[in-house]
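One structure below.
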Amino acid sequence: MTENMESVPQNGTAEEAKVPTKKPKKNKIVESVPQNGTAENAKVPAKKSKKNKNVESVPQNGTAEEVKVPAKKPKKTDDVESVPQNETAEDAKVPAKKAKKAKHVESVPQNGTAEEAKVPAKKPKKTDDVGSVPQNGTAEEAKVPAKKRKLVVKEEKEEKEAEKETAALSNLNKDIFALFNNMKDLKPENIEKHLKNMLKLLTGEDNENQCAATSAYAIKRLVRCTGADDMDAVATSGSYLCAIVSKVPGVDPIAMLETLKRELPVGSQQKGKEESLAAVGQLITALAIIKSPHFKQPSSELICAIYPILVALLKGREYVMHMCADIMADSFKQVNAKNFESHVWPLLQLELNKPLSGLKVHSCDLLLAVHLNYSKLLPLKQLESSLWRKQPEYGQLFELYMNSGSIEVNGPYARLGRFLATTANGKLLAEWQQHIVQLLPLKHNTAKGYVIQTFSFILLHFEDGNNAKEDSPLLQLFASEPLMQLVLQELSTAKQLTDKLAKKAKPAQIQLRNICRRFEASLLLSFKRQLKQDSSKLSILKRLLQLQLQLDGIFQTPRLTNQLLGHLSEQGLQSMYMFYSKQFTSNKPEFSKMHREHCLKYMQQLLQTPKLSDRKKQLKFLLSISIFHLNEQEQPCTPAEAAAFSRQGAARCEEIFFSCLLHKIGNSSEQLEALVSQLRDTLRQLSKLLAQPDIETKLRSKQTPELQAAWQQVLQVLNAPAAAAPAASKDNKQTLALVFDALILFLGLALYAPSCNVPIELLNDLFICKKNALKKSKKAASAELGWQDVVTDVLLQLLLQTGHFWRVFVNKIGGVLMPQLGKENLEQLLVTLDMNKNPLGDKQDEQESDDDEEQDEDDSSDEEEEDDEEEQEADADDDEAATNLEQIRENVRKALLDEDNEMNDDASSVDWNDVDEAQGERLNLALERAFQAFKPKGQNIKAKDEHQTKSERINSTTLLHFRVRVLDLVELFVQSQPQLDVLLDALTSVYHVFQVSREDDKLQPLAEASKKTLRMLIRQKISYKESEDKQPIVDCIKQFVAPAEEPSTDPKKQSQKPQTFKKKGEIAEWRNKCVAYLVTQFNEEDVTNSLVWPLLEGYVQDWISRRNSPHTLAGFKCILDSLWVGVPRLAITFAKFLSADLRKFRRNQILEMLNGHAGNIRKAMANNKDVKQELITALVNFKAEGIKERHQCINLLHYLRRDRTRIVSK
């Protein structure tokens, strides 16, 4: 069949229009009959045109003879084009029998006589579009079937639309085509860039007509793309539509919906894949409009335009119906009740007014959405009567949701959870709980996802009000052990599904993991927003902890338990502390040491919470369990009667107790006074406990006579009047009294702790130092400062103790004590940081000997056996090596001997030139066997050299931590006494520590700590004395910049791994920072007269003249980047060295350096025009070679001359 038949000539005679009368095939479109000509021009056989779909209209202007067209039994027609309107009847002799199957017939002539309209109309068939009846004419003009007249209106509309499209294309901005071409790139990093470009084009157009045409074209094309069979392309087009509708002004959403109907037509049944894809496109376009500002307060016209489209899509494929229902349910929030009742609800009633047995999940979801948003329009009773004809049975509704095949969408479960939590005061929660418990255990992930998702949204919408009850429906859910076991089990499974395992997991498992993550977020939001009473929060949290004590072990959210505890009041925190305390002291058989330590961890966190103000009762319990053995009644007892919690958790309680005493204590005298007051109260409690009969047998540590004597002295300090904080910072005696009281009381308390290894002699030394420091005069104190040395040594001894609280305590004391110490005490600290010596050598040897004596017999025997084995293996290796050498010689000798002269052993005189091939083969085999025998077995020797004993590992770790703690004291000393000599000594020592520790991978904690200290030191402002000599600074700079040492001959150092470039670079970086900091100390007006200037000039000259200079470009950059007043003068020095004699590489380095620091240079010489002019002159005098140098020089000159702008290189 032909698609198009050309028109009959409109201007000519009938002979010119003789069309062959053979049976033509079916035609879909037949063009117009000539309008200007005689009837002979239109002699077309009528019988042949029965199957034409498009036949033109009858002429409207002419006589009756001109319209003699047979019309026997016309059939359905699609499109019939117009018959000539201004000609005679002879011009329109078109056979009518050929037009039986045409579906569209155009209008009858409107202007003419009745004779002109004599057209037979026997039994007309159905037509799709019929034009209008003629309005101006006689009855004879209207003798044409009425249904055929409607085509005039449609064709006129199509013509107008075609004209509009033609006009729009002429006004279109042609840049839009390039943007659509870029849309083919679906990479995530480029989609946003292309979207910004499109929005910029659509919003930045000045011509309104062109902007409107371009926007209409873009929307039309994007709407068409939303119906594509490519998920990525559909998603991208949808995001573009949302952005355009929301941000481009002048977009008409109603016109956009008309474009949608035209571009993506969908039938009532959605037949075929194309219509299903078009339905998805309609949903995406409608969603873009709903999400836009046009739908915040939608007009009735927009509501009437968009909701019929959505309601029509409720019939079709399953996924389309679910998407449509979810979009509609979310959109109800933005439609007021009046518009919904008048425009939307009548459409929905036709689809939703059915019993529950005839509904699906999406239909029930829409009903719940209507009830939740318009409760007056659809109250609960009416909803129940609609779903159930008799009594409501919510179990059927819950079963429908549970059997849903998808758990990806949150909307239906969100509305169900809100419905259960807010309807009938939450009474429906009991029915939902009962329904779930009856079906347990659940096997399918979809059912589990339904339960957890609904539970999550119940948490988000349930409110406990001002009066929370223990029988609250929400609390009953958490009280249901089967339900909570299901939830906790799935949370644990989701926790174990890591990102690595998720790559191999099924989609349902990944969805369930995401659902569990949302449940955790819902629980946290419920504590934060919904639940107002602490009783509700405590009931939920305690119930969860009773089922799973270590909640963080099954939660994906980090530190979720701490976040939940953070939403409790002080009373709630007290209650949670009592809960953890009861769990800790319980005698449950399943409770192990790990569970008790977990309880202690949260007990410590609760005690250190700022909300918890009263801690006396808690500290009393911790004191008792730290010092004594406790029974199940929490009373002191003998070791045999001690309860399980006392045996398993006493050591941890001891650390928690001392940490809580020091918590939130600063370095000021006032806070130190608060610490002393708290220590006095604690020691009074301990004194009462020690006064009980037979208490010595109940202590966790042995009470020696020396300890009893020291305790009596501590009691004297305890009973003496407390020293008050000094009113002024100059009152040193009161400050020292506070320091010594804190040291004595804290040590006196710690001596009863089993983990404390502090010698009692230190406490006796403190009593003596206190007397000397407080009683002697200033002259005597200046002559003899022994107490300061002793106190410094005591602090270092305390830093050797295990336990973080010792470090905290020493820092508290050091912050107050450091102003009272001298430079020699700083040297005591810096000696311990000497990386070439072991400050703990002698003490460690003594401790090692004591530890060896106290070791178990098994351990000692094992070590002896290992030593014996090592010695035996070493002797065997030596013997074997000697034997192998002899065997090699013998094998070689035999290989060189002839078979006939085996008795001749004069092998050393063999002439190698006479050795034949057979002898050579024997020699090769002999050598191969010999060297295989001589080859060492494995790498045992190397492993033994690298292996460290247990005591060596302990000593190295102790020394590492000790030096890290000493760095804290160095920082405190420098901050309290920032003199020049103090800071220089500290800077050089700490830099050496960083340099050595950065090279060793085992000392990285020390490297980080030393780096932190260096950062503090180079920011410290030095307090100079009057007319103080700065020559030590120059000497220190020389020490930093000195060339590296030659390779060491020490085998231990040679065996170390070579430094990587990263390590070398970091060491050099901090060296340059230290040098720049020292250079900035010379802030004279004329820096050329300072002591450091000749040194810098020499460094610059050496760097320019030598290739392998120890001075680096990075060092000079660091100086130029500082706040030194001599930065412009240093820049001038570099600029003057620019000449043709200088190597090109050095010239490029200097120009790049000056350009990189031009901002700091210009800022430094802002108030010195002479220096600025001198620098510009030096740059102008430089004759650059090459384009790169010339451009860099010009760029720098422009930047220095101008005040604001800078030319950027192309």
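Going by the structure tokens order, chains are called A, B, ..., each with residues numbered from 1, while ligands are numbered from 1 in the order shown.
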Note to self: Run DSSP on the backbone and tell me which residues of range 582-799 of chain A come out as strand (DSSP E); list them as a list in words.
What the structure shows: His629, Leu630, Pro636 and Cys637 of chain A
Write down as a ChimeraX atom specification the residues of range 593-734 of chain A whose backbone DSSP state falls under alpha helix (DSSP H). /A:593-607,616-627,644-662,669-690,705-719,732-734
Problem set entry | For Leu1151 in chain A, the nearest of the candidates A:Thr697, A:Gln635, A:Gln618, A:Asn1195, counting only C-alpha atoms |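 Between A:Thr697, A:Gln635, A:Gln618, A:Asn1195, the residue approaching Leu1151 in chain A most closely is A:Asn1195.
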Give me the residues near Ile625 in chain A as a list of chain:residue names, where near means some atom within 7 Å (using only C-alpha atoms) and where sequence neighbours in that chain fewer than 6 positions away do not count.
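In the requested form, the answer reads A:Ser646, A:Ala650, A:Cys653.
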Original post:
Neighbours of Ile284 in chain A within 10 Å (only C-alpha atoms; same-chain residues fewer than 2 positions away dropped), as a ChimeraX atom specification?
Top reply: /A:223,226-227,234-235,237-239,241-242,278-282,286-290,323-324,327
Could you tell me how far CA of Ser268 in chain A lies from CA of Pro253 in chain A, in Å and to one decimal?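 Separation of CA of Ser268 in chain A and CA of Pro253 in chain A: 23.1 Å.
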Could you jot down the CA of Lys1063 in chain A to CA of Leu1014 in chain A separation for me, Å, one decimal place?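 A separation of 16.4 Å between them.
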